[in-house]
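Colleague: The structure follows.
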2 protein chains.
Amino acid sequence: MNIHELIADLRETSATKIVLLVADGIGGLPLEPGGKTELETAKTPNLDQCAKDGVCGLSVPVLPGITPGSGPGHLGLFGYDPLQYRIGRGILEALGINFQVGAKDVAVRGNFCTLDAAGKISDRRAGRPTTERCIAMVNKMRGVKIPGIEIFVEPVKEHRFVVVFRGEGLGDAVNDTDPQAIGVVPLTAQGHDEASKKTAAVVNEFIAQACKILAADAPTNGVTLRGFAKYPKIGTMKEVYGLNAAALAVYPMYKGLARLVGMDVLDAGSTLNDQVATLKKVWNQYDFFFMHYKYTDSTGEDGNFPAKVDMIEKLDAIIPNILELKPDVFIVTGDHSTPSKMKSHSWHPVPTLIRAALCRTDAVTEFSESACLRGGLGQFQAMHLMLLAMTHAGRLGKYGA
Amino acid sequence: MNIHELIADLRETSATKIVLLVADGIGGLPLEPGGKTELETAKTPNLDQCAKDGVCGLSVPVLPGITPGSGPGHLGLFGYDPLQYRIGRGILEALGINFQVGAKDVAVRGNFCTLDAAGKISDRRAGRPTTERCIAMVNKMRGVKIPGIEIFVEPVKEHRFVVVFRGEGLGDAVNDTDPQAIGVVPLTAQGHDEASKKTAAVVNEFIAQACKILAADAPTNGVTLRGFAKYPKIGTMKEVYGLNAAALAVYPMYKGLARLVGMDVLDAGSTLNDQVATLKKVWNQYDFFFMHYKYTDSTGEDGNFPAKVDMIEKLDAIIPNILELKPDVFIVTGDHSTPSKMKSHSWHPVPTLIRAALCRTDAVTEFSESACLRGGLGQFQAMHLMLLAMTHAGRLGKYGA
C-alpha cells in the first residue's frame, strides 16, 4: 500500500487550516568550518519563537546526499515521492515560463545554435544571443505550420526557448536532437513507440521549417531540442488529501509546480507583503496555503552570504502577520539547502518547524540547522511532511483497529 | 529482498533470551506546552537505570504522522510491516474475544440494529442494548443453520457481536451490509470473486434466517455485518526468526495478536505479578517473551494523566523482577503513544529502550520522550526493532562476505 492510498483510507474532513511556508534553499553552511550558517547568523526572533512553541527537525529532500532541483524538492514537500514522480525537463521549462501545459501537449526545451555551411553545429549556444534577439527569433519560428498540430514557441532567456506541440496521440519517448557536441549535425528525432514516432515526425518537420526560416540569421540559424516530456499523471492535492489548496508564489516556476498538483495559483503580487495580503484575503476560501519565498535561494546561488542573511531576516519580520490568522498548522521549511559557500543547491538537510496545538514540543528554542538537529522531528524524509501536516491538522484518522 | 528473507538468510541459533515488554500507549504529551509528559512525571528509577545501562530511541509505529490501532502497532513491534500485513476488522474483533480463527474462516463484525415495518434501519445500534440482551440474542441466532457451513456467533458487548463462517473455499471480498445510514434497508452482500460470491450467498442466507428468528425482538430485530476478513497469511515468529515465542498478555486482543504470529499464548493471570510469575515459570521453555501491559493505554484513553503516571510507576516497580531472570535482551517500548491530553492513540513516536550486553550506550539516563530523543537508536521504524532484538541477542549473522 503506498502512502497516497493510505491517506485516501484515513483522511477526515476538518475545518483546520495549514500554512506551508517554503523558504527556498534556506539551509546553508558556515563560510569557515566551525562558523555559523546564514540562518544561524540571521536575527530571527519570530522563527525562534515558533521553534520554541513547536517541534523542529531536518528534512531530507530526496535521499541522503541527493541534491534536488526545484521540481523534486517541491514535489517532496507536497508529499509526492520525488523518485516516483519525475517531471521531464520540457515540462519544467514550460512551468518556469508559466505556460499552462495540458494533457495533449509534449513540451521540450529548445536552444538556438549556430550551423556552418555543412549544417554542422559550430556553437551550441549561438554565441549566447541577447534575450531580445531570442524573442525576435522565436517570433519568426511561430511561422512554422504543421497540419493537425498546434505549436507554441515561447522565449525563455538568451539562447533558450520552449516548444509545446499540442495534438492527439503524441508520445514523449523521443531522443534529444542536441548531440551535445560541436562539429556534428544535429540528431534526427526518433520515437520509441507509435505515439512518439508521430511526435518525432512532427519534430523533424518543425526543425526543418525553423531552419529554413532562420537560414539567414546566423549565428542563430539552427535549433536543437532536448527533454521531450508530457505532463505527468499526478493526483491533485484535492484528490490525495481532500485539501482545497492555494499557492501564493511570485516566480512562475513555483506557480507551475503548484498548478501541477492542482493548487489554485493566485495572483499574489511580487513582494512578501503582497503575498501576506493575498493570504488574508483568501483565508476563508482554502484549507491549505503554499507560500513560496525565493530570495533565500537566489542570494545563496549568488554566493552572497550577507544578502542571504538579510533575506532571512526580512522573511522573519512577516511571520507575525501570518500567525495573526491563527493557522492550525504552520510549517516553515525549504525545498533544499542553498549554501552561499557553494553558490548552488545542495544535499544538506533542511531546517523545518511545525507549530500546532498537538505537537510534542522539544528543547529547541531557535530555528537553525544545529538546533533543528536536536528537534523532535529528527531527520525525516520531505515526502512525509504532509503526513505530519495532515495529522497535526486533525485530518488523518487511525490506521487499523 | 524483503526483511524476512534477509533474516531467514542471516539468522543463527543461540541460547539467548529476549523479553519484549510492551507498555501499551506509553508515549504521551504534557498537559501544558513546555510541561512534562506522563512518563516524564512518573518516578521510574528502574526504567531509568535500564535507560542508563542500555540504548534508547523513539519508535515510529508506521510512518511519521500515522496513528496506529493496536493491530498495526503490535505487528510493527513483532517485525511485520504494518502496511504490508493488514488485519481486517472481522479478524481483529474475533481476536479481541479470544476466538481462535483458522484458515477456513471468514470473520465479520456484527451489529444489532432496529428495522421498521418496511425493513428500513431506524437505529443502527438497536438502542444500545445491554450486554445481557446481546448474549440472549446471540444465543437465538445460533439457531441459524446453513448446510456445509459451520457458523459461530459470539457476543462482544452491547449491540456488537462477531460471526465466523467456516467452510471450504470462502473468500472475504464481500461488501459491508451496514449502509452506515438510517432510513434505508441494509445492503445485500455481494462477492467480488468466485470464492467471495460463495461467502456472500451464505451471508445473505444467514441474515435472512437471523431476521426471521429476531422478528419479534425489536429493537434488536435486525443485524448488519461489516469488515469481512480472512486470517492473514503471515509467517510465525518461529518461521521468521527461529524463535520459540511466548505471550504473557491479560487482554484477549493482545493474546489474539500474539497468536496471529504463532506465539504460544500462556495463561498469564490478570496482574503484572501474575505475568512475572508466569514468566519465571516458563523461563526455560522459550527464547522470546512478549509481555503486554494495558493500563498505560487505558488510563491515557480515559484522559486520566495522574492515573497514567501511577500505572507507569506500577510497571516500573516490577522491572527488577524481570531483570532477576537475566534476559540477554530486555526491550521496553509501546505500540503507539496515548497522550492523556488527547484521550486517544496518537502518532507521536514511542520511547524505547534496549538493554543488552553489546548495545552502544548513549548519554540517556532516564526513560522519557525527551531523553529518548537524544538516544543512540535515534528515531527508527518499529518494524526494525526485531532486527535490533535479534542482533543484540547474537541471533543474526553477517550479511555478505
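Chain labels run A, B, ... following the order of the C-alpha cells; each chain numbers its residues from 1, and ligands are numbered from 1 in the order shown.
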Using only C-alpha atoms, which residues of chain B come within 6 Å of chain A, and what is the closest atom pair for each, with the distance in Å to one decimal? Give it as a Markdown table, sorted by chain and residue number.

Modeller:
```
| residue | atom | partner | partner_atom | distance |
| --- | --- | --- | --- | --- |
| B:Gly65 | CA | A:Leu388 | CA | 4.4 |
| B:Thr67 | CA | A:Lys398 | CA | 5.0 |
| B:Pro68 | CA | A:Tyr399 | CA | 4.7 |
| B:Gly69 | CA | A:Ala401 | CA | 4.5 |
```

Colleague: Since we have the selection now, will you write its residues out, keeping N, CA and C atoms, as a CSV table (one decimal), in the first residue's frame?

Modeller:
```csv
chain,number,residue,atom,x,y,z
B,65,GLY,N,3.5,10.7,11.5
B,65,GLY,CA,2.1,11.3,11.4
B,65,GLY,C,1.0,10.2,11.4
B,67,THR,N,-1.3,7.5,13.0
B,67,THR,CA,-1.7,7.0,14.3
B,67,THR,C,-2.2,5.5,14.1
B,68,PRO,N,-1.5,4.6,14.8
B,68,PRO,CA,-1.9,3.2,14.5
B,68,PRO,C,-3.0,2.7,15.5
B,69,GLY,N,-3.8,1.7,15.1
B,69,GLY,CA,-4.6,0.9,16.0
B,69,GLY,C,-3.7,-0.1,16.7
```

Colleague: What lies within 10 Å of B:Leu214 using only C-alpha atoms, ignoring chain neighbours under 5 positions off, as a list of chain:residue names?

Modeller: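 Near neighbours after the sequence-gap exclusion: B:Met137, B:Val138, B:Lys140, B:Met141, B:Gln209, B:Pro219, B:Thr220, B:Asn221, B:Gly222, B:Val223.
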
Colleague: If we count only C-alpha atoms and set the cut-off at 10 Å, which residues sit around stretch 196-204 of chain A, ignoring sequence neighbours fewer than 2 positions away in its own chain? Please answer as an MDAnalysis selection string.

Modeller: chainID A and resid 106 146:149 151 163 165:175 177 187:194 206:210 225 228

Colleague: Excluding stretch 259-269 of chain B and any residue of its chain fewer than 6 positions from it, enumerate the residues within 7 Å of it, using only C-alpha atoms, and give them as a VMD selection string.

Modeller: chain B and resid 234 to 237 245 to 250 275 278

Colleague: Excluding stretch 31-34 of chain A and its own-chain neighbours fewer than 4 positions away, which residues fall within 12 Å of it when counting only C-alpha atoms? Please give them as a ChimeraX atom specification.

Modeller: /A:38,40-41,300,303-306,339-343,370

Colleague: For the selection you just gave me, I'd like the residues written to a file as a PDB file, in the first residue's frame, keeping N, CA and C atoms.

Modeller:
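Just written: part-v4.pdb:
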```pdb
ATOM      1  N   GLU A  38      24.061  30.877   7.416  1.00  0.00           N
ATOM      2  CA  GLU A  38      23.274  32.082   7.170  1.00  0.00           C
ATOM      3  C   GLU A  38      22.128  32.182   8.172  1.00  0.00           C
ATOM      4  N   GLU A  40      21.845  30.722  11.067  1.00  0.00           N
ATOM      5  CA  GLU A  40      22.341  30.900  12.436  1.00  0.00           C
ATOM      6  C   GLU A  40      22.837  32.331  12.676  1.00  0.00           C
ATOM      7  N   THR A  41      23.252  32.975  11.594  1.00  0.00           N
ATOM      8  CA  THR A  41      23.742  34.351  11.694  1.00  0.00           C
ATOM      9  C   THR A  41      22.581  35.345  11.773  1.00  0.00           C
ATOM     10  N   GLY A 300      21.643  32.783  -2.085  1.00  0.00           N
ATOM     11  CA  GLY A 300      22.571  31.662  -1.907  1.00  0.00           C
ATOM     12  C   GLY A 300      23.252  31.303  -3.225  1.00  0.00           C
ATOM     13  N   GLY A 303      26.009  33.354  -4.067  1.00  0.00           N
ATOM     14  CA  GLY A 303      27.157  33.279  -3.156  1.00  0.00           C
ATOM     15  C   GLY A 303      27.252  34.478  -2.237  1.00  0.00           C
ATOM     16  N   ASN A 304      26.121  35.116  -2.009  1.00  0.00           N
ATOM     17  CA  ASN A 304      26.113  36.342  -1.219  1.00  0.00           C
ATOM     18  C   ASN A 304      25.597  36.049   0.198  1.00  0.00           C
ATOM     19  N   PHE A 305      26.513  35.663   1.064  1.00  0.00           N
ATOM     20  CA  PHE A 305      26.163  35.269   2.444  1.00  0.00           C
ATOM     21  C   PHE A 305      25.404  36.374   3.175  1.00  0.00           C
ATOM     22  N   PRO A 306      25.933  37.606   3.208  1.00  0.00           N
ATOM     23  CA  PRO A 306      25.199  38.652   3.960  1.00  0.00           C
ATOM     24  C   PRO A 306      23.830  38.957   3.362  1.00  0.00           C
ATOM     25  N   PRO A 339      23.646  26.651   0.153  1.00  0.00           N
ATOM     26  CA  PRO A 339      24.694  27.362   0.906  1.00  0.00           C
ATOM     27  C   PRO A 339      25.369  28.414   0.012  1.00  0.00           C
ATOM     28  N   SER A 340      25.473  29.636   0.529  1.00  0.00           N
ATOM     29  CA  SER A 340      26.173  30.685  -0.220  1.00  0.00           C
ATOM     30  C   SER A 340      27.583  30.214  -0.582  1.00  0.00           C
ATOM     31  N   LYS A 341      28.177  29.474   0.324  1.00  0.00           N
ATOM     32  CA  LYS A 341      29.540  28.993   0.110  1.00  0.00           C
ATOM     33  C   LYS A 341      29.656  28.153  -1.155  1.00  0.00           C
ATOM     34  N   MET A 342      28.577  27.466  -1.527  1.00  0.00           N
ATOM     35  CA  MET A 342      28.599  26.584  -2.698  1.00  0.00           C
ATOM     36  C   MET A 342      28.012  27.248  -3.939  1.00  0.00           C
ATOM     37  N   LYS A 343      27.314  28.361  -3.741  1.00  0.00           N
ATOM     38  CA  LYS A 343      26.633  29.038  -4.857  1.00  0.00           C
ATOM     39  C   LYS A 343      25.740  28.074  -5.639  1.00  0.00           C
ATOM     40  N   SER A 370      21.725  23.732  13.425  1.00  0.00           N
ATOM     41  CA  SER A 370      22.249  22.981  14.569  1.00  0.00           C
ATOM     42  C   SER A 370      21.162  22.715  15.605  1.00  0.00           C
TER      43      SER A 370
END
```

Colleague: If DSSP is run on the backbone, what residues of stretch 69-130 of chain B are strand (DSSP E)? A reply as a list in words would be ideal.

Modeller: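 Taking stretch 69-130 of chain B and keeping strand (DSSP E) only, one gets Asp105, Val106, Ala107, Val108, Arg109, Gly110, Asn111, Phe112, Cys113, Thr114, Leu115, Ile121, Ser122 and Asp123 of chain B.
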
Colleague: Please, could you write that set of residues out with N, CA and C atoms as a short mmCIF file (atom, residue, chain, number, x, y, z; two decimals), in the first residue's frame?

Modeller:
```cif
data_model
loop_
_atom_site.label_atom_id
_atom_site.label_comp_id
_atom_site.auth_asym_id
_atom_site.auth_seq_id
_atom_site.Cartn_x
_atom_site.Cartn_y
_atom_site.Cartn_z
N ASP B 105 -11.82 -19.84 7.83
CA ASP B 105 -12.82 -18.95 8.43
C ASP B 105 -12.88 -17.59 7.75
N VAL B 106 -14.10 -17.08 7.64
CA VAL B 106 -14.29 -15.65 7.34
C VAL B 106 -14.98 -15.05 8.56
N ALA B 107 -14.34 -14.06 9.18
CA ALA B 107 -14.89 -13.44 10.39
C ALA B 107 -15.44 -12.06 10.04
N VAL B 108 -16.46 -11.65 10.76
CA VAL B 108 -17.06 -10.35 10.48
C VAL B 108 -17.65 -9.77 11.77
N ARG B 109 -17.60 -8.45 11.87
CA ARG B 109 -18.20 -7.77 12.99
C ARG B 109 -19.69 -7.58 12.71
N GLY B 110 -20.52 -7.90 13.70
CA GLY B 110 -21.95 -7.71 13.56
C GLY B 110 -22.49 -6.66 14.51
N ASN B 111 -23.51 -5.97 14.07
CA ASN B 111 -24.24 -5.02 14.91
C ASN B 111 -25.71 -5.41 14.94
N PHE B 112 -26.32 -5.38 16.11
CA PHE B 112 -27.79 -5.40 16.11
C PHE B 112 -28.28 -4.03 15.69
N CYS B 113 -29.36 -4.02 14.88
CA CYS B 113 -29.97 -2.74 14.51
C CYS B 113 -31.48 -2.89 14.65
N THR B 114 -32.16 -1.77 14.57
CA THR B 114 -33.63 -1.81 14.62
C THR B 114 -34.18 -1.58 13.23
N LEU B 115 -35.06 -2.50 12.80
CA LEU B 115 -35.71 -2.36 11.49
C LEU B 115 -37.16 -1.94 11.69
N ILE B 121 -33.69 0.64 8.34
CA ILE B 121 -32.99 0.79 9.61
C ILE B 121 -33.46 2.08 10.30
N SER B 122 -33.97 1.94 11.52
CA SER B 122 -34.36 3.15 12.26
C SER B 122 -33.34 3.47 13.35
N ASP B 123 -32.57 2.47 13.77
CA ASP B 123 -31.49 2.71 14.76
C ASP B 123 -30.36 1.75 14.43
#
```

Colleague: Find the spatial neighbours of stretch 253-255 of chain A, counting only C-alpha atoms, within a cut-off of 8 Å - ignore same-chain residues fewer than 5 positions away - and output them as a list in words.

Modeller: Leu92, Glu93, Leu95, Gly96, Ile97, Asn98, Ala247, Leu248, Val265 and His292 of chain A

Colleague: I'd like to know which residues of stretch 71-161 of chain B are alpha helix (DSSP H) (by DSSP, run on the backbone); could you write them as a PyMOL selection string?

Modeller: chain B and resi 71-77+89-96+131-141
